[in-house]
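Undergrad: Just dropping this structure here.
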Protein chains: 2
Amino acid sequence: MTAPTNTPRLQQIRAVAERLFRDKGYLAASMREIAREVDMKGGGSLYAHIRGKEDLLWDIVNDATDAFFAALTPTLAGSDAPATKLRRAMIGHILTITTHLGAAAAYFDEWRHLAEPRRSQFLARRDDYERLFGEIVAAGMAAGDLRPADPRLTTLHILSSLNAVRVWYKPEGRLSAQAVADSLADLLMHGLCC
Amino acid sequence: MTAPTNTPRLQQIRAVAERLFRDKGYLAASMREIAREVDMKGGGSLYAHIRGKEDLLWDIVNDATDAFFAALTPTLAGSDAPATKLRRAMIGHILTITTHLGAAAAYFDEWRHLAEPRRSQFLARRDDYERLFGEIVAAGMAAGDLRPADPRLTTLHILSSLNAVRVWYKPEGRLSAQAVADSLADLLMHGLCC
DNA sequence: GTCTATATAATGATAGAC
DNA sequence: GTCTATCATTATATAGAC
């Protein structure tokens, strides 16, 4: 939570910061560069809109967290069988990444540049999400819907496999986000073997 | 390639840099901090051993690349069936990550802070490795050993799933590296479904 | 709200004594 | 090879005119 205002100019600044934080990393992206990309002549003007660089990261990280929860909530509320629920959760997770690539980079990689207590607050929310996701996996195994295995370790494998999409997915590439999501869900559900 | 010498002191500096680059990121890890962790009193003393900070990153990144190739080569040379080869390659890849966590962080995340032409040189070698890995996948599908799918996309999914282990694996944790490697190989080979 | 100028702190790297 | 001192650069952030 920074300012209660949310002007178009601020949103523009946040969009640029999101892109630069992803492209070069939080530390390598300077305030002067962000300012230049929104057609300001010096970094100082930014401080009429934000209190500091870290606020930009904080807002981006929270947008990402909100998006992941928003994608998972309807799946959790549904009454599908666990395996179907898991597939829907996986697809939703991947599509959230592919439609919020900048925010995803902050969520997975750049959050460590947050100072306390924000850092811990973020990690707590991320843990909540992973716990919710893991409950689907555990339920599926308990119901005999999924192969029995260590549910915590399996959830870790699933989520980190899904998250890896952020590294190489290109919106302008030959593959649609849906095709990437479907293929990875198939791979995780059925495996490589015949 | 930096200096032809390779003293114990230099190896110690590289080991510290590797750990700090992983823990805080390349840019956030200062030369003064590296110096302090090898019991030097100021960052200046480091320059009797290296020419610059980037040389440390470069050497670490190349160590990682060498390690990945070293793990893959015997598997490629073997005469196993493609599916067996793939499993061995996956296990070897994961174990290389877990035994070189600092170098893996540089290999996957910090390489972008290399200036040209080193950056491109590194990416070319990494592409070579991924191509070799992908040939096992393609051969397995061609032989009917693996389920038919887009071999390039499948290779991308496999490798990025394996690579994700670096993010959460803790050597002092409850799971051995071998257990992590086996469980992920099982998941990718056979899937979650019954 | 944006500009210019600047305060303040930290960085990578170098120089020279020992 | 390590020390201390320092240079040059860059960073985030602030002050005050407009």
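Labels used: A, B, ... for chains in the order of the structure tokens, numbers from 1 for residues in each chain, and numbers from 1 for ligands as shown.
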Select all residues from chain C having any atom no more than 8 Å from an atom of chain A (counting only C-alpha atoms (C1' of nucleotides), ignoring ligands), output as a list in words.
TA: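 Filtering chain C at 8 Å from chain A with only C-alpha atoms (C1' of nucleotides) gives DG1, DT2 and DC3 of chain C.
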Undergrad: Using only C-alpha atoms (C1' of nucleotides), please write the residues we just selected to a file, as a compact mmCIF listing (two decimals), in the first residue's frame.
TA:
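File result08.txt, as written:
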# COMPACT_ATOMS: atom_id res chain seq x y z
C1' DG C 1 3.80 17.94 -12.32
C1' DT C 2 8.12 18.70 -14.41
C1' DC C 3 12.38 20.95 -14.62
Undergrad: Using only C-alpha atoms, tabulate the residues of chain A lying at most 8 Å from any atom of chain B, each with its closest atom pair and that distance in Å to one decimal, by chain and increasing residue number, as a Markdown table.
TA:
| residue | atom | partner | partner_atom | distance |
| --- | --- | --- | --- | --- |
| A:Lys24 | CA | B:Arg112 | CA | 7.9 |
| A:Leu27 | CA | B:Leu27 | CA | 6.9 |
| A:Ala28 | CA | B:Leu27 | CA | 7.5 |
| A:Ala83 | CA | B:Cys193 | CA | 7.6 |
| A:Arg112 | CA | B:Lys24 | CA | 7.8 |
| A:Gly144 | CA | B:Cys194 | CA | 7.8 |
| A:Asp145 | CA | B:Cys194 | CA | 6.7 |
| A:Leu146 | CA | B:Cys193 | CA | 4.7 |
| A:Arg147 | CA | B:Cys194 | CA | 4.8 |
| A:Thr154 | CA | B:Ser183 | CA | 7.9 |
| A:His157 | CA | B:Leu184 | CA | 6.7 |
| A:Ser160 | CA | B:Ala164 | CA | 5.5 |
| A:Ser161 | CA | B:Ser161 | CA | 4.3 |
| A:Leu162 | CA | B:Ser161 | CA | 7.7 |
| A:Ala164 | CA | B:Ser160 | CA | 5.5 |
| A:Val165 | CA | B:Ser160 | CA | 7.4 |
| A:Ser183 | CA | B:Thr154 | CA | 7.9 |
| A:Leu184 | CA | B:His157 | CA | 6.7 |
| A:Leu187 | CA | B:Gly191 | CA | 6.7 |
| A:Leu188 | CA | B:Gly191 | CA | 5.0 |
| A:Met189 | CA | B:Gly191 | CA | 4.7 |
| A:His190 | CA | B:Gly191 | CA | 4.2 |
| A:Gly191 | CA | B:Gly191 | CA | 3.9 |
| A:Leu192 | CA | B:Met189 | CA | 4.7 |
| A:Cys193 | CA | B:Leu146 | CA | 4.7 |
| A:Cys194 | CA | B:Arg147 | CA | 4.8 |
Undergrad: Report as a list of chain:residue names the set of chain D residues whose atoms approach chain B to within 12 Å, with distances computed over only C-alpha atoms (C1' of nucleotides).
TA: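 Only these qualify: D:DG1, D:DT2, D:DC3, D:DT4, D:DA5, D:DT6.
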Undergrad: With DSSP run on the backbone, what are the alpha helix (DSSP H) residues within region 11-185 of chain A? I'd like them as a ChimeraX atom specification.
TA: /A:11-24,31-37,53-77,82-99,101-108,118-142,151-163,165-168,177-185
Undergrad: Need to verify the contact set: DT8 (chain C), 10 Å, only C-alpha atoms (C1' of nucleotides), exclusion of same-chain residues closer than 2 positions in sequence. Can you return it as an MDAnalysis selection string?
TA: (chainID C and resid 6 10) or (chainID D and resid 12:13)
Undergrad: Work out how far apart CA of Phe69 (chain A) and CA of Ala17 (chain A) are and give it in Å to one decimal.
TA: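 Separation between CA of Phe69 (chain A) and CA of Ala17 (chain A): 22.6 Å.
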Undergrad: Give me, as a list in words, all polymer residues having an atom no more than 8 Å from region 114-118 of chain A, counting only C-alpha atoms (C1' of nucleotides) and skipping those fewer than 5 positions away in the same chain.
TA: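 Contacts, with the query itself left out: Glu54, Leu57 and Trp58 of chain A.
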